[in-house]
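Text of my_file08.cif (mmCIF, C-alpha atoms) as supplied:
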```
data_start
#
loop_
_atom_site.label_atom_id
_atom_site.label_comp_id
_atom_site.auth_asym_id
_atom_site.auth_seq_id
_atom_site.Cartn_x
_atom_site.Cartn_y
_atom_site.Cartn_z
CA MET H 1 40.34 -56.03 2.76
CA PHE H 2 39.28 -52.39 3.10
CA THR H 3 41.37 -49.53 4.38
CA MET H 4 39.77 -46.76 6.43
CA THR H 5 41.21 -43.37 7.35
CA PRO H 6 39.85 -41.24 10.21
CA ILE H 7 37.77 -38.22 9.16
CA GLY H 8 38.35 -36.66 12.59
CA PHE H 9 38.59 -37.38 16.31
CA VAL H 10 36.28 -37.41 19.32
CA ARG H 11 36.89 -34.91 22.13
CA SER H 12 35.35 -36.53 25.17
CA PRO H 13 35.69 -36.22 28.97
CA TYR H 14 36.73 -39.89 29.16
CA SER H 15 40.41 -40.82 29.09
CA ASP H 16 39.95 -44.37 30.36
CA THR H 17 37.30 -47.04 29.65
CA THR H 18 36.61 -47.42 33.40
CA GLN H 19 35.10 -43.91 33.34
CA VAL H 20 32.47 -44.77 30.71
CA PRO H 21 29.09 -45.71 32.27
CA LYS H 22 28.30 -49.38 31.60
CA GLY H 23 25.66 -51.86 32.60
CA VAL H 24 21.90 -52.04 32.68
CA GLY H 25 20.32 -48.61 32.57
CA ALA H 26 23.65 -46.82 32.00
CA ARG H 27 22.93 -43.30 30.82
CA HIS H 28 25.26 -41.62 28.38
CA GLU H 29 25.03 -37.91 29.07
CA ALA H 30 28.65 -36.93 28.44
CA GLU H 31 29.12 -33.89 26.21
CA GLY H 32 32.00 -33.32 23.86
CA THR H 33 32.95 -32.57 20.29
CA LEU H 34 33.33 -34.38 17.01
CA GLU H 35 36.37 -32.60 15.57
CA ILE H 36 36.35 -33.18 11.84
CA ALA H 37 39.51 -32.66 9.78
CA PRO H 38 39.54 -29.39 7.77
CA GLU H 39 39.50 -31.24 4.43
CA PHE H 40 36.15 -32.86 5.30
CA GLU H 41 34.39 -29.82 6.81
CA ALA H 42 32.22 -29.28 3.70
CA GLY H 43 30.70 -32.72 4.33
CA LEU H 44 29.08 -31.39 7.53
CA LYS H 45 26.73 -29.01 5.70
CA ASP H 46 23.18 -29.20 7.15
CA ILE H 47 24.15 -31.73 9.82
CA GLU H 48 22.91 -29.38 12.57
CA GLY H 49 19.33 -29.80 11.33
CA PHE H 50 19.26 -33.36 12.65
CA SER H 51 18.58 -33.98 16.33
CA HIS H 52 20.65 -37.17 16.42
CA LEU H 53 23.57 -38.67 14.51
CA PHE H 54 25.15 -42.07 14.11
CA VAL H 55 28.88 -41.91 14.73
CA ILE H 56 30.93 -44.82 13.39
CA TRP H 57 34.33 -44.98 15.00
CA CYS H 58 37.30 -47.18 15.68
CA PHE H 59 38.16 -48.97 18.94
CA ASP H 60 41.78 -47.87 18.49
CA ARG H 61 42.87 -49.00 21.96
CA SER H 62 41.39 -52.48 21.76
CA GLU H 63 43.51 -55.47 20.74
CA GLY H 64 42.41 -58.70 19.16
CA TYR H 65 38.93 -60.16 19.41
CA GLU H 66 36.92 -62.73 21.31
CA LEU H 67 33.99 -64.49 19.61
CA GLU H 68 32.24 -65.17 22.92
CA GLY H 69 32.53 -63.18 26.09
CA VAL H 70 30.73 -62.14 29.27
CA PRO H 71 29.61 -58.51 28.97
CA PRO H 72 29.65 -56.17 32.01
CA THR H 73 25.84 -56.26 31.97
CA ASP H 74 25.47 -60.02 32.46
CA ASP H 75 27.06 -63.06 34.07
CA ARG H 76 26.77 -65.32 31.00
CA PRO H 77 28.73 -65.44 27.75
CA HIS H 78 27.23 -64.11 24.50
CA GLY H 79 28.44 -63.94 20.92
CA VAL H 80 30.41 -60.81 20.10
CA PHE H 81 27.86 -59.79 17.43
CA SER H 82 25.10 -59.71 20.07
CA THR H 83 27.16 -57.44 22.35
CA ARG H 84 28.87 -54.07 22.09
CA SER H 85 32.24 -55.54 23.13
CA PRO H 86 35.29 -53.60 21.87
CA ARG H 87 37.08 -56.87 21.08
CA ARG H 88 35.49 -57.45 17.66
CA PRO H 89 36.83 -58.95 14.40
CA ASN H 90 36.64 -55.42 12.94
CA PRO H 91 37.06 -52.98 15.85
CA ILE H 92 34.18 -50.71 14.78
CA GLY H 93 32.16 -48.76 17.33
CA LEU H 94 28.72 -47.23 16.77
CA SER H 95 27.13 -44.54 18.93
CA VAL H 96 23.98 -42.46 18.68
CA VAL H 97 24.62 -38.90 19.84
CA GLU H 98 22.41 -35.84 20.21
CA VAL H 99 23.45 -32.72 18.28
CA LEU H 100 23.91 -29.61 20.43
CA GLY H 101 25.34 -27.34 17.75
CA ARG H 102 28.08 -26.85 15.21
CA GLU H 103 30.90 -24.35 14.94
CA GLY H 104 32.67 -24.88 11.63
CA ARG H 105 34.26 -28.30 11.68
CA ASN H 106 33.39 -28.98 15.34
CA VAL H 107 30.08 -30.65 16.10
CA ARG H 108 29.07 -30.39 19.76
CA VAL H 109 27.20 -33.47 20.92
CA ARG H 110 25.72 -35.15 23.99
CA GLY H 111 25.69 -38.86 24.73
CA LEU H 112 29.31 -39.77 24.04
CA ASP H 113 30.57 -43.15 25.20
CA MET H 114 33.93 -42.99 23.43
CA LEU H 115 37.35 -42.17 24.82
CA ASP H 116 39.01 -38.84 24.12
CA GLY H 117 40.99 -39.06 20.89
CA THR H 118 38.88 -41.85 19.35
CA PRO H 119 39.20 -41.85 15.54
CA ILE H 120 35.91 -41.16 13.72
CA LEU H 121 35.31 -43.12 10.52
CA ASP H 122 31.91 -41.81 9.45
CA ILE H 123 28.89 -39.77 10.53
CA LYS H 124 25.35 -40.36 9.30
CA PRO H 125 21.99 -38.77 10.07
CA TYR H 126 19.74 -40.71 12.42
CA MET H 127 16.62 -41.00 10.28
CA SER H 128 14.18 -43.33 11.98
CA SER H 129 13.64 -45.39 15.11
CA VAL H 130 12.25 -48.85 15.63
CA PRO H 131 8.87 -48.48 17.41
CA PRO H 132 9.30 -49.48 21.10
CA GLU H 133 6.56 -52.12 20.86
CA LYS H 134 8.56 -53.91 18.14
CA LEU H 135 11.86 -53.95 20.04
CA ARG H 136 13.08 -57.17 21.68
CA LEU H 137 16.38 -57.01 23.58
CA GLY H 138 17.35 -60.70 23.84
CA TRP H 139 19.87 -61.57 26.56
CA PHE H 140 20.12 -57.90 27.48
CA GLY H 141 16.40 -57.67 28.25
CA GLU H 142 16.60 -60.91 30.26
CA ALA H 143 19.62 -59.69 32.27
CA GLU H 144 17.79 -56.44 32.93
CA ALA H 145 14.67 -58.29 34.16
CA ARG H 146 16.80 -60.62 36.33
CA ARG H 147 18.56 -57.72 38.02
CA ALA H 148 15.28 -55.88 38.59
CA ALA H 149 13.82 -59.03 40.25
CA GLU H 150 16.95 -59.42 42.42
CA ALA H 151 16.78 -55.79 43.51
CA LYS H 152 13.09 -56.20 44.40
CA SER H 153 13.67 -59.35 46.52
CA LYS H 154 16.32 -57.65 48.67
CA MET A 13 44.77 -46.10 8.76
CA PHE A 14 42.71 -49.12 9.74
CA THR A 15 42.26 -52.30 7.75
CA MET A 16 38.92 -54.11 7.78
CA THR A 17 38.15 -57.63 6.58
CA PRO A 18 34.62 -58.83 5.77
CA ILE A 19 33.05 -61.15 8.37
CA GLY A 20 30.55 -62.32 5.75
CA PHE A 21 28.35 -61.23 2.86
CA VAL A 22 24.77 -60.08 2.32
CA ARG A 23 22.43 -62.25 0.24
CA SER A 24 19.83 -59.82 -1.05
CA PRO A 25 17.31 -59.72 -3.93
CA TYR A 26 19.01 -56.57 -5.28
CA SER A 27 21.74 -56.88 -7.90
CA ASP A 28 21.69 -53.23 -8.96
CA THR A 29 21.30 -49.98 -6.97
CA THR A 30 18.38 -48.91 -9.19
CA GLN A 31 16.33 -51.74 -7.64
CA VAL A 32 16.72 -50.45 -4.06
CA PRO A 33 13.74 -48.31 -2.96
CA LYS A 34 14.85 -44.70 -2.42
CA GLY A 35 13.23 -41.42 -1.61
CA VAL A 36 10.80 -40.05 0.90
CA GLY A 37 8.76 -42.79 2.51
CA ALA A 38 10.74 -45.60 0.85
CA ARG A 39 10.00 -48.83 2.69
CA HIS A 40 12.68 -51.46 3.01
CA GLU A 41 10.89 -54.77 3.17
CA ALA A 42 13.36 -56.92 1.23
CA GLU A 43 14.25 -60.22 2.87
CA GLY A 44 17.56 -61.97 2.63
CA THR A 45 20.41 -63.45 4.58
CA LEU A 46 23.51 -62.30 6.41
CA GLU A 47 25.93 -65.12 5.54
CA ILE A 48 28.67 -65.07 8.12
CA ALA A 49 31.99 -66.81 7.46
CA PRO A 50 32.39 -70.17 9.29
CA GLU A 51 35.26 -68.85 11.44
CA PHE A 52 32.99 -66.17 12.94
CA GLU A 53 29.84 -68.27 13.48
CA ALA A 54 30.44 -68.50 17.27
CA GLY A 55 30.09 -64.71 17.43
CA LEU A 56 26.41 -65.03 16.44
CA LYS A 57 25.40 -66.79 19.70
CA ASP A 58 22.16 -65.30 21.10
CA ILE A 59 21.73 -62.87 18.21
CA GLU A 60 18.28 -64.32 17.43
CA GLY A 61 16.95 -62.95 20.75
CA PHE A 62 17.12 -59.42 19.37
CA SER A 63 14.32 -58.13 17.17
CA HIS A 64 16.60 -55.76 15.24
CA LEU A 65 20.28 -55.53 14.36
CA PHE A 66 22.65 -52.89 13.12
CA VAL A 67 24.59 -54.12 10.10
CA ILE A 68 27.76 -52.22 9.26
CA TRP A 69 28.91 -52.93 5.73
CA CYS A 70 31.05 -51.71 2.90
CA PHE A 71 29.91 -49.87 -0.26
CA ASP A 72 32.22 -52.10 -2.29
CA ARG A 73 30.86 -50.94 -5.66
CA SER A 74 31.15 -47.21 -4.96
CA GLU A 75 34.16 -45.21 -6.09
CA GLY A 76 35.57 -42.03 -4.63
CA TYR A 77 33.60 -39.52 -2.60
CA GLU A 78 31.79 -36.22 -2.91
CA LEU A 79 31.62 -33.87 0.11
CA GLU A 80 28.40 -32.24 -1.11
CA GLY A 81 25.76 -33.80 -3.29
CA VAL A 82 22.07 -33.78 -4.15
CA PRO A 83 20.41 -36.89 -2.68
CA PRO A 84 17.58 -38.69 -4.55
CA THR A 85 15.18 -37.43 -1.88
CA ASP A 86 15.78 -33.69 -2.46
CA ASP A 87 16.64 -31.11 -5.11
CA ARG A 88 19.30 -29.30 -3.03
CA PRO A 89 22.87 -30.25 -2.12
CA HIS A 90 23.73 -31.46 1.39
CA GLY A 91 26.94 -32.48 3.11
CA VAL A 92 27.80 -36.15 2.74
CA PHE A 93 27.67 -36.66 6.54
CA SER A 94 24.04 -35.50 6.59
CA THR A 95 23.08 -37.98 3.86
CA ARG A 96 23.30 -41.73 3.28
CA SER A 97 25.22 -41.26 0.01
CA PRO A 98 27.45 -44.22 -0.96
CA ARG A 99 30.20 -41.82 -2.07
CA ARG A 100 31.73 -41.22 1.38
CA PRO A 101 35.34 -40.68 2.55
CA ASN A 102 35.12 -44.13 4.19
CA PRO A 103 32.60 -46.18 2.17
CA ILE A 104 30.77 -47.54 5.21
CA GLY A 105 27.07 -48.38 5.09
CA LEU A 106 24.76 -48.82 8.06
CA SER A 107 21.39 -50.55 8.01
CA VAL A 108 18.86 -51.55 10.63
CA VAL A 109 17.34 -54.94 9.85
CA GLU A 110 14.69 -57.07 11.52
CA VAL A 111 15.71 -60.58 12.57
CA LEU A 112 13.53 -63.36 11.14
CA GLY A 113 15.62 -66.30 12.35
CA ARG A 114 18.99 -67.97 12.31
CA GLU A 115 20.22 -71.24 10.87
CA GLY A 116 23.82 -71.73 11.93
CA ARG A 117 25.90 -69.01 10.34
CA ASN A 118 23.01 -67.63 8.26
CA VAL A 119 20.86 -64.91 9.79
CA ARG A 120 17.59 -64.35 7.93
CA VAL A 121 16.54 -60.71 8.01
CA ARG A 122 13.98 -58.25 6.64
CA GLY A 123 14.63 -54.65 5.65
CA LEU A 124 17.73 -55.03 3.50
CA ASP A 125 18.81 -52.11 1.36
CA MET A 126 22.15 -53.54 0.31
CA LEU A 127 23.14 -55.21 -2.94
CA ASP A 128 23.67 -58.94 -3.17
CA GLY A 129 27.26 -59.80 -2.28
CA THR A 130 27.85 -56.72 -0.10
CA PRO A 131 30.69 -57.34 2.38
CA ILE A 132 29.60 -57.19 6.04
CA LEU A 133 32.07 -55.59 8.46
CA ASP A 134 30.19 -55.89 11.75
CA ILE A 135 26.83 -56.72 13.35
CA LYS A 136 25.59 -55.20 16.60
CA PRO A 137 22.38 -55.55 18.59
CA TYR A 138 19.91 -52.68 18.23
CA MET A 139 19.47 -51.73 21.87
CA SER A 140 17.43 -48.53 22.06
CA SER A 141 15.58 -46.02 19.95
CA VAL A 142 15.40 -42.26 20.08
CA PRO A 143 11.84 -41.31 21.19
CA PRO A 144 9.89 -40.02 18.16
CA GLU A 145 9.10 -36.71 19.88
CA LYS A 146 12.84 -36.02 20.18
CA LEU A 147 13.67 -36.76 16.55
CA ARG A 148 14.34 -33.90 14.11
CA LEU A 149 15.10 -34.84 10.51
CA GLY A 150 16.72 -31.65 9.16
CA TRP A 151 16.73 -31.26 5.37
CA PHE A 152 15.10 -34.67 5.04
CA GLY A 153 12.10 -33.62 7.10
CA GLU A 154 11.84 -30.38 5.11
CA ALA A 155 12.02 -32.20 1.77
CA GLU A 156 9.35 -34.61 2.99
CA ALA A 157 7.06 -31.72 4.05
CA ARG A 158 7.66 -29.91 0.73
CA ARG A 159 6.71 -32.98 -1.30
CA ALA A 160 3.62 -33.61 0.82
CA ALA A 161 2.52 -29.97 0.24
CA GLU A 162 3.15 -30.29 -3.52
CA ALA A 163 1.15 -33.52 -3.68
CA LYS A 164 -1.72 -31.87 -1.82
CA SER A 165 -1.82 -28.81 -4.12
CA LYS A 166 -2.14 -30.99 -7.25
#
```

This structure in structure tokens:
Amino acid sequence: MFTMTPIGFVRSPYSDTTQVPKGVGARHEAEGTLEIAPEFEAGLKDIEGFSHLFVIWCFDRSEGYELEGVPPTDDRPHGVFSTRSPRRPNPIGLSVVEVLGREGRNVRVRGLDMLDGTPILDIKPYMSSVPPEKLRLGWFGEAEARRAAEAKSK
Amino acid sequence: MFTMTPIGFVRSPYSDTTQVPKGVGARHEAEGTLEIAPEFEAGLKDIEGFSHLFVIWCFDRSEGYELEGVPPTDDRPHGVFSTRSPRRPNPIGLSVVEVLGREGRNVRVRGLDMLDGTPILDIKPYMSSVPPEKLRLGWFGEAEARRAAEAKSK
């Protein structure tokens, strides 16, 4: 067992999960702040040189887990490790955010999908992307294609 | 404080950190297995449809943390949150791996940079990439450019 302590908290416009855009083609444009605790501020040095960051955080308002579930983007069940469900064995969230700037221990970012007050466990630089031609999106890609076909036939 | 329990372990060709490729342009081509515990196998359903996965894991052989340090890829100190240093306030690692296949609770992958026996905390589908033209790599990009210039002038 491993024990984790928050390094800071997310300041986001979302106070409830129903406000967070979900589903195929959901765009995360919300702006907010990663407020890092004073004792960890030195760890932010040079972070503003990166365009994007990984934020690893805790689903602190999620309880228990479900190994299979139907995500909001599909009508079929999938394994929890092939979804972004909050009900995971370890309630860890992962988001990619765009850096807008930094003032001391506050990092302003765009692309938040976390609730206000979410505990942050770690921040890492986003170093490289998978080339689009190599990316396959499994059930998510299929659900997306199915919905596009349905929309077209209407 | 949050308590995390491994969902499985990495089987990798690396038994020592000195064996893991590091530095500018390091390529992670190592193949191995994500061995998930039997009680979580159902959570892997449909994972093989994705080309790439995020693996969130624990630096279980790292002790303590350092808020600023000189990474192997540069000669200047940077904040821990703008590096991939193992000596982090929460010793969480994040890797992107390519899926080769799945046999039951074993997911074969390429691109490992973890040691053999590393505890896995979570797996998530890799859903989207930041477009290359939007990516800025901060100190890492500068160190890369500096080394390229040095190599050229030799």

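The smallest atom-to-atom distance between chain A and any of H:Gly32, H:Gly104, H:Gly43, H:Gly93, using all atoms listed in the file, is found for H:Gly43.
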
Exercise for the section: With a distance cut-off of 7 Å and all atoms listed in the file, select the neighbouring residues of region 59-67 of chain H, excluding the residue or stretch itself and same-chain residues fewer than 2 positions from it, and output the selection as a list in words. Expected result: Trp57, Gly69, Gly79, Val80, Pro86, Arg87, Arg88, Pro89, Pro91, Ile92, Gly93 and Thr118 of chain H; Phe52, Ala54 and Gly55 of chain A

If the PyMOL selection byres ((chain H) within 6 of (chain A)) were run on this exact file, what residues would it hold? Put them as a CSV table (one decimal) with C-alpha atoms, in the frame of the given file.
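As written to disk, out.csv reads:
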```csv
chain,number,residue,atom,x,y,z
H,1,MET,CA,40.3,-56.0,2.8
H,2,PHE,CA,39.3,-52.4,3.1
H,3,THR,CA,41.4,-49.5,4.4
H,4,MET,CA,39.8,-46.8,6.4
H,5,THR,CA,41.2,-43.4,7.4
H,42,ALA,CA,32.2,-29.3,3.7
H,43,GLY,CA,30.7,-32.7,4.3
H,44,LEU,CA,29.1,-31.4,7.5
H,45,LYS,CA,26.7,-29.0,5.7
H,47,ILE,CA,24.2,-31.7,9.8
H,49,GLY,CA,19.3,-29.8,11.3
H,50,PHE,CA,19.3,-33.4,12.6
H,51,SER,CA,18.6,-34.0,16.3
H,67,LEU,CA,34.0,-64.5,19.6
H,68,GLU,CA,32.2,-65.2,22.9
H,78,HIS,CA,27.2,-64.1,24.5
H,79,GLY,CA,28.4,-63.9,20.9
H,80,VAL,CA,30.4,-60.8,20.1
H,81,PHE,CA,27.9,-59.8,17.4
H,82,SER,CA,25.1,-59.7,20.1
H,90,ASN,CA,36.6,-55.4,12.9
H,123,ILE,CA,28.9,-39.8,10.5
H,124,LYS,CA,25.4,-40.4,9.3
H,125,PRO,CA,22.0,-38.8,10.1
H,129,SER,CA,13.6,-45.4,15.1
H,135,LEU,CA,11.9,-54.0,20.0
H,136,ARG,CA,13.1,-57.2,21.7
H,137,LEU,CA,16.4,-57.0,23.6
H,138,GLY,CA,17.4,-60.7,23.8
```

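Straight-line separation from CA of Ala42 (chain A) to CA of Ile132 (chain A): 16.9 Å.
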
Size and centre in Å, one decimal, axis-aligned box, all listed region 81-87 of chain H atoms plus 8 Å per side, as JSON:
```
{"center_x": 31.1, "center_y": -56.7, "center_z": 20.3, "size_x": 28.0, "size_y": 22.2, "size_z": 21.7}
```

Exercise for the section: Give as a VMD selection string the residues that the PyMOL selection byres ((chain A and resi 127) around 10) matches when applied to the coordinates above. Expected result: chain A and resid 21 to 29 31 to 32 71 to 73 124 to 126 128 to 131

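CA of Pro71 (chain H) sits 21.9 Å away from CA of Arg114 (chain A).
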
Fill in the blank from the handout: re CA of Ala143 (chain H) and CA of Leu112 (chain A): distance 22.3 Å

On this structure, the PyMOL selection byres ((chain H and resi 35) around 7) would catch which residues? List them as a PDB file with C-alpha atoms, in the coordinates of the input, sorted by chain and number.
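Written output follows (out01.pdb):
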```pdb
ATOM      1  CA  GLY H   8      38.350 -36.660  12.590  1.00  0.00           C
ATOM      2  CA  PHE H   9      38.590 -37.380  16.310  1.00  0.00           C
ATOM      3  CA  VAL H  10      36.280 -37.410  19.320  1.00  0.00           C
ATOM      4  CA  ARG H  11      36.890 -34.910  22.130  1.00  0.00           C
ATOM      5  CA  THR H  33      32.950 -32.570  20.290  1.00  0.00           C
ATOM      6  CA  LEU H  34      33.330 -34.380  17.010  1.00  0.00           C
ATOM      7  CA  ILE H  36      36.350 -33.180  11.840  1.00  0.00           C
ATOM      8  CA  ALA H  37      39.510 -32.660   9.780  1.00  0.00           C
ATOM      9  CA  ARG H 105      34.260 -28.300  11.680  1.00  0.00           C
ATOM     10  CA  ASN H 106      33.390 -28.980  15.340  1.00  0.00           C
ATOM     11  CA  VAL H 107      30.080 -30.650  16.100  1.00  0.00           C
TER      12      VAL H 107
END
```

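Of the listed residues A:Pro33, A:Asp86, A:Arg120, A:Arg39, the one whose atoms come nearest to Ala157 (chain A) is A:Asp86, with distances taken using all atoms listed in the file.
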